[in-house]
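*Asks:* Contents are PDB, C-alpha atoms; file name structure-v3.pdb:
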ATOM      1  CA  MET A   9     -56.999  50.251   6.739
ATOM      2  CA  ASN A  10     -54.946  49.728   9.827
ATOM      3  CA  ASN A  11     -51.313  48.905   9.596
ATOM      4  CA  ASN A  12     -51.533  45.357  10.886
ATOM      5  CA  LEU A  13     -53.887  44.490   8.097
ATOM      6  CA  LYS A  14     -51.646  46.128   5.517
ATOM      7  CA  ARG A  15     -48.733  44.273   6.934
ATOM      8  CA  LEU A  16     -50.562  40.960   6.712
ATOM      9  CA  MET A  17     -51.459  41.836   3.135
ATOM     10  CA  ILE A  18     -47.830  42.482   2.181
ATOM     11  CA  ILE A  19     -46.734  39.230   3.813
ATOM     12  CA  SER A  20     -49.447  37.336   1.945
ATOM     13  CA  MET A  21     -48.349  38.896  -1.325
ATOM     14  CA  LEU A  22     -44.739  37.951  -0.669
ATOM     15  CA  LEU A  23     -45.862  34.396   0.168
ATOM     16  CA  ALA A  24     -47.841  34.232  -3.073
ATOM     17  CA  MET A  25     -44.786  35.397  -5.024
ATOM     18  CA  ALA A  26     -42.572  32.847  -3.258
ATOM     19  CA  ILE A  27     -45.038  30.086  -4.142
ATOM     20  CA  VAL A  28     -45.148  31.081  -7.815
ATOM     21  CA  ILE A  29     -41.340  31.263  -8.065
ATOM     22  CA  ASN A  30     -40.982  27.947  -6.235
ATOM     23  CA  TYR A  31     -43.636  26.300  -8.404
ATOM     24  CA  LEU A  32     -42.036  27.466 -11.662
ATOM     25  CA  GLU A  33     -38.519  26.444 -10.655
ATOM     26  CA  SER A  34     -39.739  22.960  -9.737
ATOM     27  CA  PHE A  35     -39.876  22.283 -13.491
ATOM     28  CA  ILE A  36     -36.160  23.004 -13.897
ATOM     29  CA  PRO A  37     -34.245  19.767 -13.366
ATOM     30  CA  ILE A  38     -30.841  19.954 -11.648
ATOM     31  CA  PHE A  39     -28.642  16.811 -11.711
ATOM     32  CA  ILE A  40     -30.548  14.911  -9.044
ATOM     33  CA  PRO A  41     -34.329  14.475  -9.279
ATOM     34  CA  GLY A  42     -36.042  16.717  -6.764
ATOM     35  CA  VAL A  43     -33.220  19.215  -6.337
ATOM     36  CA  ARG A  44     -34.332  22.814  -6.824
ATOM     37  CA  LEU A  45     -32.452  26.017  -7.524
ATOM     38  CA  GLY A  46     -33.969  27.910  -4.596
ATOM     39  CA  LEU A  47     -34.881  31.180  -6.311
ATOM     40  CA  ALA A  48     -37.626  31.807  -3.761
ATOM     41  CA  ASN A  49     -34.786  32.617  -1.370
ATOM     42  CA  ALA A  50     -35.084  36.197  -2.662
ATOM     43  CA  ILE A  51     -38.462  36.543  -0.946
ATOM     44  CA  ILE A  52     -37.208  35.038   2.306
ATOM     45  CA  LEU A  53     -34.216  37.368   2.198
ATOM     46  CA  ILE A  54     -36.463  40.407   1.773
ATOM     47  CA  MET A  55     -38.537  39.232   4.724
ATOM     48  CA  LEU A  56     -35.491  38.714   6.910
ATOM     49  CA  TYR A  57     -34.423  42.327   6.360
ATOM     50  CA  GLU A  58     -37.822  44.031   6.554
ATOM     51  CA  PHE A  59     -39.973  41.799   8.741
ATOM     52  CA  LYS A  60     -39.622  39.834  11.930
ATOM     53  CA  TRP A  61     -37.736  36.576  11.736
ATOM     54  CA  TYR A  62     -40.719  34.423  12.706
ATOM     55  CA  GLU A  63     -42.804  35.992   9.944
ATOM     56  CA  ALA A  64     -40.092  35.042   7.471
ATOM     57  CA  LEU A  65     -39.989  31.521   8.910
ATOM     58  CA  ALA A  66     -43.768  31.200   8.603
ATOM     59  CA  VAL A  67     -43.623  32.271   4.942
ATOM     60  CA  ASP A  68     -40.793  29.817   4.287
ATOM     61  CA  ILE A  69     -42.629  26.846   5.838
ATOM     62  CA  LEU A  70     -45.958  27.767   4.230
ATOM     63  CA  ARG A  71     -44.255  28.123   0.849
ATOM     64  CA  ILE A  72     -42.779  24.629   1.099
ATOM     65  CA  LEU A  73     -46.043  23.112   2.336
ATOM     66  CA  LEU A  74     -48.250  24.805  -0.237
ATOM     67  CA  VAL A  75     -45.970  24.139  -3.200
ATOM     68  CA  SER A  76     -45.769  20.475  -2.213
ATOM     69  CA  LEU A  77     -49.570  20.362  -2.075
ATOM     70  CA  ILE A  78     -49.863  22.075  -5.462
ATOM     71  CA  ARG A  79     -47.285  19.767  -7.029
ATOM     72  CA  GLY A  80     -48.633  16.692  -5.249
ATOM     73  CA  THR A  81     -45.304  15.907  -3.617
ATOM     74  CA  PHE A  82     -46.440  16.282  -0.005
ATOM     75  CA  LEU A  83     -44.531  13.837   2.266
ATOM     76  CA  SER A  84     -42.607  12.469  -0.720
ATOM     77  CA  PRO A  85     -38.782  12.567  -0.935
ATOM     78  CA  THR A  86     -39.018  15.847  -2.839
ATOM     79  CA  PHE A  87     -40.940  17.383   0.051
ATOM     80  CA  TYR A  88     -38.370  16.360   2.637
ATOM     81  CA  MET A  89     -35.571  17.625   0.421
ATOM     82  CA  ALA A  90     -37.325  20.959  -0.007
ATOM     83  CA  LEU A  91     -38.021  21.192   3.735
ATOM     84  CA  SER A  92     -34.438  20.407   4.685
ATOM     85  CA  GLY A  93     -33.023  22.794   2.088
ATOM     86  CA  GLY A  94     -35.477  25.520   3.060
ATOM     87  CA  MET A  95     -34.772  25.250   6.773
ATOM     88  CA  ILE A  96     -30.984  25.141   6.475
ATOM     89  CA  SER A  97     -30.923  28.071   4.077
ATOM     90  CA  PHE A  98     -33.285  29.977   6.388
ATOM     91  CA  LEU A  99     -31.070  29.448   9.426
ATOM     92  CA  ILE A 100     -27.935  30.467   7.526
ATOM     93  CA  MET A 101     -29.564  33.575   6.081
ATOM     94  CA  LEU A 102     -31.013  34.516   9.474
ATOM     95  CA  LEU A 103     -27.579  34.234  11.047
ATOM     96  CA  PHE A 104     -25.724  36.188   8.382
ATOM     97  CA  SER A 105     -28.383  38.856   7.971
ATOM     98  CA  ARG A 106     -27.828  39.663  11.663
ATOM     99  CA  ILE A 107     -24.019  39.368  11.540
ATOM    100  CA  LYS A 108     -23.246  42.044   9.022
ATOM    101  CA  VAL A 109     -20.157  40.534   7.438
ATOM    102  CA  PHE A 110     -21.553  40.059   3.954
ATOM    103  CA  SER A 111     -23.834  42.213   1.816
ATOM    104  CA  LYS A 112     -27.293  40.996   0.863
ATOM    105  CA  VAL A 113     -25.857  39.260  -2.185
ATOM    106  CA  GLY A 114     -23.340  37.433   0.007
ATOM    107  CA  VAL A 115     -26.051  36.361   2.443
ATOM    108  CA  SER A 116     -28.105  35.160  -0.499
ATOM    109  CA  ILE A 117     -25.192  33.106  -1.868
ATOM    110  CA  LEU A 118     -24.738  31.459   1.527
ATOM    111  CA  GLY A 119     -28.466  30.783   1.667
ATOM    112  CA  SER A 120     -28.382  29.134  -1.754
ATOM    113  CA  LEU A 121     -25.443  26.996  -0.679
ATOM    114  CA  GLY A 122     -27.307  25.951   2.461
ATOM    115  CA  HIS A 123     -30.330  25.119   0.330
ATOM    116  CA  ALA A 124     -28.214  22.863  -1.892
ATOM    117  CA  PHE A 125     -26.500  21.194   1.076
ATOM    118  CA  GLY A 126     -29.780  20.533   2.864
ATOM    119  CA  GLN A 127     -31.259  18.900  -0.197
ATOM    120  CA  ILE A 128     -28.228  16.744  -0.954
ATOM    121  CA  ILE A 129     -28.014  15.516   2.639
ATOM    122  CA  ILE A 130     -31.617  14.287   2.504
ATOM    123  CA  ALA A 131     -31.128  12.794  -0.972
ATOM    124  CA  MET A 132     -28.062  10.910   0.302
ATOM    125  CA  ALA A 133     -29.995   9.614   3.293
ATOM    126  CA  LEU A 134     -32.968   8.550   1.169
ATOM    127  CA  LEU A 135     -30.920   6.842  -1.522
ATOM    128  CA  ASP A 136     -28.555   5.475   1.118
ATOM    129  CA  SER A 137     -25.642   6.534  -1.034
ATOM    130  CA  ILE A 138     -22.753   8.749  -0.049
ATOM    131  CA  ASN A 139     -21.809   9.006  -3.722
ATOM    132  CA  LEU A 140     -24.261  11.802  -4.419
ATOM    133  CA  ILE A 141     -21.623  14.009  -2.868
ATOM    134  CA  TYR A 142     -20.067  13.902  -6.335
ATOM    135  CA  TYR A 143     -22.648  16.493  -7.402
ATOM    136  CA  LEU A 144     -21.756  18.873  -4.586
ATOM    137  CA  PRO A 145     -19.170  21.014  -6.436
ATOM    138  CA  PHE A 146     -21.477  21.440  -9.454
ATOM    139  CA  ILE A 147     -24.417  22.421  -7.297
ATOM    140  CA  ALA A 148     -22.214  24.737  -5.222
ATOM    141  CA  VAL A 149     -21.079  26.634  -8.324
ATOM    142  CA  LEU A 150     -24.655  26.729  -9.590
ATOM    143  CA  SER A 151     -25.861  28.121  -6.285
ATOM    144  CA  ILE A 152     -23.438  31.047  -6.586
ATOM    145  CA  GLY A 153     -25.384  32.001  -9.705
ATOM    146  CA  THR A 154     -28.805  31.665  -8.116
ATOM    147  CA  GLY A 155     -27.528  33.353  -4.967
ATOM    148  CA  VAL A 156     -26.295  36.403  -6.874
ATOM    149  CA  LEU A 157     -29.542  36.580  -8.835
ATOM    150  CA  SER A 158     -31.879  36.382  -5.859
ATOM    151  CA  GLY A 159     -29.577  38.597  -3.787
ATOM    152  CA  MET A 160     -29.748  41.316  -6.438
ATOM    153  CA  VAL A 161     -33.526  41.043  -6.652
ATOM    154  CA  ALA A 162     -33.763  41.390  -2.877
ATOM    155  CA  SER A 163     -31.326  44.347  -2.842
ATOM    156  CA  ILE A 164     -33.304  46.234  -5.477
ATOM    157  CA  TYR A 165     -36.546  45.622  -3.593
ATOM    158  CA  LEU A 166     -35.039  46.758  -0.300
ATOM    159  CA  ARG A 167     -33.324  49.845  -1.777
ATOM    160  CA  ARG A 168     -36.597  51.092  -3.189
ATOM    161  CA  SER A 169     -38.242  50.191   0.143
ATOM    162  CA  ILE A 170     -41.331  48.929  -1.636
ATOM    163  CA  THR A 171     -42.853  47.681   1.615
ATOM    164  CA  ASN A 172     -42.839  51.224   3.011
ATOM    165  CA  ILE A 173     -44.875  52.507   0.084
ATOM    166  CA  PHE A 174     -47.771  50.454   1.398
ATOM    167  CA  VAL A 175     -47.102  50.414   5.106
ATOM    168  CA  ASN A 176     -46.031  53.925   6.059
ATOM    169  CA  ASP A 177     -45.680  54.199   9.775
ATOM    170  CA  ASN A 178     -42.549  55.199  11.579
ATOM    171  CA  GLU A 179     -43.490  54.179  15.109
ATOM    172  CA  GLU A 180     -43.739  50.471  14.452
ATOM    173  CA  LYS A 181     -40.469  49.231  13.105
ATOM    174  CA  LEU A 182     -41.045  46.726  10.402
TER
ATOM    175  CA  MET B  30     -17.467  48.488   0.139
ATOM    176  CA  LYS B  31     -15.976  46.246   2.785
ATOM    177  CA  ARG B  32     -18.963  43.909   2.587
ATOM    178  CA  PHE B  33     -18.687  43.849  -1.177
ATOM    179  CA  ARG B  34     -15.071  42.771  -0.794
ATOM    180  CA  ASN B  35     -16.182  40.030   1.615
ATOM    181  CA  ASP B  36     -18.720  38.841  -0.961
ATOM    182  CA  ILE B  37     -15.995  38.500  -3.574
ATOM    183  CA  ILE B  38     -13.836  36.559  -1.122
ATOM    184  CA  LEU B  39     -16.802  34.293  -0.369
ATOM    185  CA  VAL B  40     -17.396  33.534  -4.058
ATOM    186  CA  VAL B  41     -13.709  32.848  -4.676
ATOM    187  CA  VAL B  42     -13.532  30.533  -1.649
ATOM    188  CA  ILE B  43     -16.597  28.574  -2.822
ATOM    189  CA  LEU B  44     -15.179  28.257  -6.348
ATOM    190  CA  VAL B  45     -11.776  27.102  -5.099
ATOM    191  CA  LEU B  46     -13.316  24.579  -2.691
ATOM    192  CA  SER B  47     -15.605  23.228  -5.414
ATOM    193  CA  LEU B  48     -12.746  22.825  -7.847
ATOM    194  CA  ALA B  49     -10.569  21.176  -5.208
ATOM    195  CA  PHE B  50     -13.390  18.825  -4.235
ATOM    196  CA  TYR B  51     -14.030  17.928  -7.858
ATOM    197  CA  PHE B  52     -10.391  17.112  -8.617
ATOM    198  CA  ILE B  53      -9.849  15.181  -5.391
ATOM    199  CA  TYR B  54     -12.947  13.143  -6.137
ATOM    200  CA  ARG B  55     -11.758  12.481  -9.688
ATOM    201  CA  ALA B  56      -8.318  11.499  -8.489
ATOM    202  CA  PHE B  57      -9.861   8.967  -6.148
ATOM    203  CA  ASN B  58     -12.090   7.604  -8.858
ATOM    204  CA  SER B  59      -9.466   7.162 -11.552
ATOM    205  CA  SER B  60      -7.511   4.847  -9.255
ATOM    206  CA  ASN B  61     -10.757   3.061  -8.681
ATOM    207  CA  GLU B  62     -10.208   0.046 -10.880
ATOM    208  CA  LEU B  63     -12.465  -2.750  -9.925
ATOM    209  CA  VAL B  64     -11.002  -6.141  -9.156
ATOM    210  CA  CYS B  65     -13.023  -9.319  -9.251
ATOM    211  CA  LYS B  66     -12.042 -11.873  -6.646
ATOM    212  CA  ILE B  67     -13.331 -15.397  -6.886
ATOM    213  CA  TYR B  68     -13.168 -17.623  -3.830
ATOM    214  CA  GLN B  69     -13.837 -21.343  -3.792
ATOM    215  CA  ASP B  70     -13.976 -23.244  -0.521
ATOM    216  CA  GLN B  71     -12.825 -20.002   1.159
ATOM    217  CA  GLU B  72      -9.693 -20.015  -0.931
ATOM    218  CA  LEU B  73      -8.836 -17.182  -3.322
ATOM    219  CA  LYS B  74      -8.794 -18.809  -6.737
ATOM    220  CA  TYR B  75      -8.788 -15.884  -9.149
ATOM    221  CA  GLU B  76      -8.093 -12.189  -8.992
ATOM    222  CA  ILE B  77      -8.950 -10.455 -12.242
ATOM    223  CA  SER B  78      -9.149  -6.726 -12.915
ATOM    224  CA  LEU B  79     -12.069  -5.561 -14.978
ATOM    225  CA  ASP B  80     -10.104  -4.116 -17.883
ATOM    226  CA  HIS B  81     -10.776  -6.930 -20.318
ATOM    227  CA  GLU B  82     -13.360  -9.584 -21.030
ATOM    228  CA  GLU B  83     -12.906 -13.098 -19.815
ATOM    229  CA  GLU B  84     -14.870 -16.246 -19.279
ATOM    230  CA  ILE B  85     -13.917 -18.535 -16.410
ATOM    231  CA  THR B  86     -15.171 -22.055 -15.885
ATOM    232  CA  LEU B  87     -14.930 -23.383 -12.360
ATOM    233  CA  ASP B  88     -15.163 -27.105 -11.788
ATOM    234  CA  THR B  89     -16.537 -28.486  -8.596
ATOM    235  CA  LYS B  90     -17.302 -32.026  -7.618
ATOM    236  CA  ASP B  91     -21.008 -31.460  -8.290
ATOM    237  CA  GLY B  92     -20.805 -29.616 -11.551
ATOM    238  CA  LYS B  93     -19.435 -26.545 -13.252
ATOM    239  CA  MET B  94     -20.045 -22.840 -13.139
ATOM    240  CA  VAL B  95     -19.319 -20.305 -15.889
ATOM    241  CA  ILE B  96     -18.458 -16.795 -14.764
ATOM    242  CA  VAL B  97     -18.281 -13.980 -17.300
ATOM    243  CA  ILE B  98     -16.125 -10.969 -16.567
ATOM    244  CA  GLU B  99     -16.776  -7.827 -18.591
ATOM    245  CA  LYS B 100     -15.524  -4.274 -18.364
ATOM    246  CA  ASP B 101     -18.655  -3.059 -16.636
ATOM    247  CA  GLY B 102     -19.348  -5.966 -14.348
ATOM    248  CA  VAL B 103     -19.362  -9.630 -13.531
ATOM    249  CA  TYR B 104     -22.124 -12.206 -13.801
ATOM    250  CA  VAL B 105     -22.660 -15.955 -13.620
ATOM    251  CA  LYS B 106     -23.675 -17.246 -17.019
ATOM    252  CA  GLU B 107     -24.284 -20.886 -16.252
ATOM    253  CA  SER B 108     -24.310 -23.054 -13.216
ATOM    254  CA  ASP B 109     -25.239 -26.666 -12.704
ATOM    255  CA  CYS B 110     -26.495 -25.991  -9.203
ATOM    256  CA  ASP B 111     -30.154 -26.429  -8.313
ATOM    257  CA  ASP B 112     -31.287 -23.067  -7.054
ATOM    258  CA  LYS B 113     -29.618 -20.844  -9.720
ATOM    259  CA  ILE B 114     -29.616 -17.889  -7.336
ATOM    260  CA  CYS B 115     -26.226 -16.833  -8.643
ATOM    261  CA  VAL B 116     -27.426 -16.821 -12.267
ATOM    262  CA  ASN B 117     -30.610 -14.970 -11.420
ATOM    263  CA  GLN B 118     -28.754 -12.278  -9.517
ATOM    264  CA  GLY B 119     -27.528 -10.815 -12.784
ATOM    265  CA  LYS B 120     -24.563  -8.549 -13.202
ATOM    266  CA  ILE B 121     -22.762  -6.928 -10.308
ATOM    267  CA  LYS B 122     -21.218  -3.597 -11.212
ATOM    268  CA  ARG B 123     -20.022  -1.702  -8.152
ATOM    269  CA  GLY B 124     -17.299  -2.284  -5.609
ATOM    270  CA  GLY B 125     -18.470  -4.188  -2.565
ATOM    271  CA  GLU B 126     -21.106  -6.199  -4.382
ATOM    272  CA  VAL B 127     -20.998  -9.968  -4.154
ATOM    273  CA  ILE B 128     -22.456 -13.064  -5.751
ATOM    274  CA  THR B 129     -22.567 -16.150  -3.558
ATOM    275  CA  CYS B 130     -23.245 -19.699  -4.505
ATOM    276  CA  LEU B 131     -23.779 -21.780  -1.402
ATOM    277  CA  PRO B 132     -24.055 -25.270  -2.986
ATOM    278  CA  TYR B 133     -20.665 -24.915  -4.688
ATOM    279  CA  ARG B 134     -19.213 -22.735  -1.947
ATOM    280  CA  ILE B 135     -18.207 -20.105  -4.459
ATOM    281  CA  TYR B 136     -17.992 -16.454  -3.564
ATOM    282  CA  ILE B 137     -17.476 -13.710  -6.140
ATOM    283  CA  LYS B 138     -16.651 -10.251  -4.938
ATOM    284  CA  LEU B 139     -16.014  -6.919  -6.654
ATOM    285  CA  GLU B 140     -13.514  -4.705  -4.940
ATOM    286  CA  GLY B 141     -12.379  -1.195  -5.682
ATOM    287  CA  LYS B 142     -10.677   1.684  -4.012
ATOM    288  CA  GLY B 143     -12.400   4.974  -3.286
ATOM    289  CA  ALA B 144     -15.965   5.918  -3.962
ATOM    290  CA  ASP B 145     -18.082   4.968  -6.923
ATOM    291  CA  VAL B 146     -20.391   7.370  -8.638
ATOM    292  CA  TYR B 147     -24.000   6.545  -8.019
ATOM    293  CA  LEU B 148     -26.034   7.282 -11.126
TER
END
As structure tokens, please, write out the structure in this file.
*Replies:*
Amino acid sequence: MNNNLKRLMIISMLLAMAIVINYLESFIPIFIPGVRLGLANAIILIMLYEFKWYEALAVDILRILLVSLIRGTFLSPTFYMALSGGMISFLIMLLFSRIKVFSKVGVSILGSLGHAFGQIIIAMALLDSINLIYYLPFIAVLSIGTGVLSGMVASIYLRRSITNIFVNDNEEKL
Amino acid sequence: MKRFRNDIILVVVILVLSLAFYFIYRAFNSSNELVCKIYQDQELKYEISLDHEEEITLDTKDGKMVIVIEKDGVYVKESDCDDKICVNQGKIKRGGEVITCLPYRIYIKLEGKGADVYL
């Protein structure tokens, strides 16, 4: 098998994992209907460190699209909240994974925070109520927890360099 | 090790900001006592805070209107007017909400300081 194919396979597997995590967490209610924990951030974080940024972005968008199709929330408020949260957390994690100020856990915490912010902003716009901001501190503290969790998962994956077990070439930098 | 230290600082900053936000929000809300203002012919007739229950009867030249003030809101119980829009509107609960009765030129407004929790 050539390496491009293997690479595509790994990305597909990561996407599948992200979808499963995202699907399962969509049953966990958090304060506001439609707000998610964002545990699939772990997968995106792994991709940001081991793959190209546009591959990570593709997985992120596909994850949101496919989960919304599975859950039947496509183009509903939940979908827009997930999209906004996903994109903001992606941009923040992309930025901080390049600026090496924080460890992977720190980047993950920031990503979780961005995810929460993105969702709340859309929820506030949709409900036309600034008062949802009341939930912000609770969700921020909660996202420290999810950030640490998904950051640790990503760190363990990256330390064992699981991707390299399958795709072992040194010329092409993953 | 340096990045680990930065992570800890990040977590502490988020926790402190969250706590500060929470307490500032609560401080704003506790002073948020709603006041019901009732205007008749563009004149302020009553100003009642919503800490007790009260029933007010307003007399106009065409008939009377009964306004009930409760701890969680204000509503018009009875009105002799024709359209009964004010009665049908039900209870207003949050600051900024109004009940208007055009035939009697009565205007009921809830006012409060700070933000209200949307639930």
*Asks:* Please determine the contact residues of chain B with respect to chain A at a cut-off of 10 Å, counting all atoms listed in the file, and supply them as a PDB file with C-alpha atoms, in the coordinates of the input.
*Replies:*
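Result written to result13.pdb:
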ATOM      1  CA  MET B  30     -17.467  48.488   0.139  1.00  0.00           C
ATOM      2  CA  LYS B  31     -15.976  46.246   2.785  1.00  0.00           C
ATOM      3  CA  ARG B  32     -18.963  43.909   2.587  1.00  0.00           C
ATOM      4  CA  PHE B  33     -18.687  43.849  -1.177  1.00  0.00           C
ATOM      5  CA  ARG B  34     -15.071  42.771  -0.794  1.00  0.00           C
ATOM      6  CA  ASN B  35     -16.182  40.030   1.615  1.00  0.00           C
ATOM      7  CA  ASP B  36     -18.720  38.841  -0.961  1.00  0.00           C
ATOM      8  CA  ILE B  37     -15.995  38.500  -3.574  1.00  0.00           C
ATOM      9  CA  ILE B  38     -13.836  36.559  -1.122  1.00  0.00           C
ATOM     10  CA  LEU B  39     -16.802  34.293  -0.369  1.00  0.00           C
ATOM     11  CA  VAL B  40     -17.396  33.534  -4.058  1.00  0.00           C
ATOM     12  CA  ILE B  43     -16.597  28.574  -2.822  1.00  0.00           C
ATOM     13  CA  LEU B  44     -15.179  28.257  -6.348  1.00  0.00           C
ATOM     14  CA  VAL B  45     -11.776  27.102  -5.099  1.00  0.00           C
ATOM     15  CA  LEU B  46     -13.316  24.579  -2.691  1.00  0.00           C
ATOM     16  CA  SER B  47     -15.605  23.228  -5.414  1.00  0.00           C
ATOM     17  CA  LEU B  48     -12.746  22.825  -7.847  1.00  0.00           C
ATOM     18  CA  ALA B  49     -10.569  21.176  -5.208  1.00  0.00           C
ATOM     19  CA  PHE B  50     -13.390  18.825  -4.235  1.00  0.00           C
ATOM     20  CA  TYR B  51     -14.030  17.928  -7.858  1.00  0.00           C
ATOM     21  CA  PHE B  52     -10.391  17.112  -8.617  1.00  0.00           C
ATOM     22  CA  TYR B  54     -12.947  13.143  -6.137  1.00  0.00           C
ATOM     23  CA  ARG B  55     -11.758  12.481  -9.688  1.00  0.00           C
ATOM     24  CA  ALA B 144     -15.965   5.918  -3.962  1.00  0.00           C
ATOM     25  CA  ASP B 145     -18.082   4.968  -6.923  1.00  0.00           C
ATOM     26  CA  VAL B 146     -20.391   7.370  -8.638  1.00  0.00           C
ATOM     27  CA  TYR B 147     -24.000   6.545  -8.019  1.00  0.00           C
ATOM     28  CA  LEU B 148     -26.034   7.282 -11.126  1.00  0.00           C
TER      29      LEU B 148
END
*Asks:* So which residues get picked by the PyMOL selection byres ((chain A and resi 101) around 7) here, written as a list in words?
*Replies:*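 Matching residues under the PyMOL selection byres ((chain A and resi 101) around 7) are Ser97, Phe98, Leu99, Ile100, Leu102, Leu103, Phe104, Ser105, Val115, Ser116, Leu118 and Gly119 of chain A.
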*Asks:* Could you pull the residues within 9 Å of segment 45-53 of chain A, counting all atoms listed in the file, minus those fewer than 6 positions along the same chain, as a PyMOL selection string?
*Replies:* chain A and resi 22-23+25-30+33-34+36-38+64-65+67-68+71+90+93-94+97-98+101-102+105+112+115-116+119-120+123-124+147+150-151+154-155+157-163
*Asks:* Apply the PyMOL selection byres ((chain B and resi 86) around 10) to the displayed file and report the matching residues as a CSV table (one decimal) with C-alpha atoms, in the coordinates of the input.
*Replies:*
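Generated output (selection.csv):
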chain,number,residue,atom,x,y,z
B,84,GLU,CA,-14.9,-16.2,-19.3
B,85,ILE,CA,-13.9,-18.5,-16.4
B,87,LEU,CA,-14.9,-23.4,-12.4
B,88,ASP,CA,-15.2,-27.1,-11.8
B,89,THR,CA,-16.5,-28.5,-8.6
B,93,LYS,CA,-19.4,-26.5,-13.3
B,94,MET,CA,-20.0,-22.8,-13.1
B,95,VAL,CA,-19.3,-20.3,-15.9
B,96,ILE,CA,-18.5,-16.8,-14.8
B,97,VAL,CA,-18.3,-14.0,-17.3
B,105,VAL,CA,-22.7,-16.0,-13.6
B,106,LYS,CA,-23.7,-17.2,-17.0
B,107,GLU,CA,-24.3,-20.9,-16.3
B,108,SER,CA,-24.3,-23.1,-13.2
*Asks:* Do a neighbour search on Thr171 of chain A at 9 Å with only C-alpha atoms, toss out local chain neighbours closer than 4 positions, and write the hits as an NGL selection string.
*Replies:* :A and (15 or 18 or 58 or 165-166 or 175-176)
*Asks:* Give me the residues within 7 Å of Ile121 of chain B as a list in words, counting all atoms listed in the file and dropping any in the same chain fewer than 3 places off.
*Replies:*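 Returned residues: Gly102, Val103, Tyr104 and Glu126 of chain B.
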*Asks:* Can you tell me how far atom CA of Glu82 of chain B sits from atom CA of Cys110 of chain B, in Å to one decimal?
*Replies:*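 Taking atom CA of Glu82 of chain B as the start and atom CA of Cys110 of chain B as the end point, the length is 24.1 Å.
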*Asks:* Rounded to one decimal place, report the atom CA of Arg123 of chain B-atom CA of Met89 of chain A distance in Å.
*Replies:*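 Rounded to one decimal, the two atoms are 26.2 Å apart.
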*Asks:* I'd like the neighbourhood of Asp101 of chain B as number ranges by chain, where a residue qualifies if any of its atoms comes within 8 Å (using all atoms listed in the file), though same-chain residues fewer than 2 positions away should be ignored.
*Replies:* B: 79, 99, 103, 122
*Asks:* As number ranges by chain, please: the residues near Lys138 of chain B (cut-off 6 Å, all atoms listed in the file, same-chain neighbours under 2 positions excluded).
*Replies:* B: 65-66, 127
*Asks:* One decimal, Å: what's the distance from atom CA of Tyr133 of chain B over to atom CA of Ile77 of chain B, could you say?
*Replies:*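 Distance between the two atoms: 20.1 Å.
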*Asks:* I would like the residues chosen by the PyMOL selection byres ((chain B and resi 69) around 8) on the shown file; could you give them as a VMD selection string?
*Replies:* chain B and resid 67 to 68 70 to 74 133 to 136
*Asks:* Hey, which of A:Gly80, A:Arg106, A:Leu13, A:Phe174 ends up closest to Trp61 of chain A? Count all atoms listed in the file.
*Replies:* A:Arg106
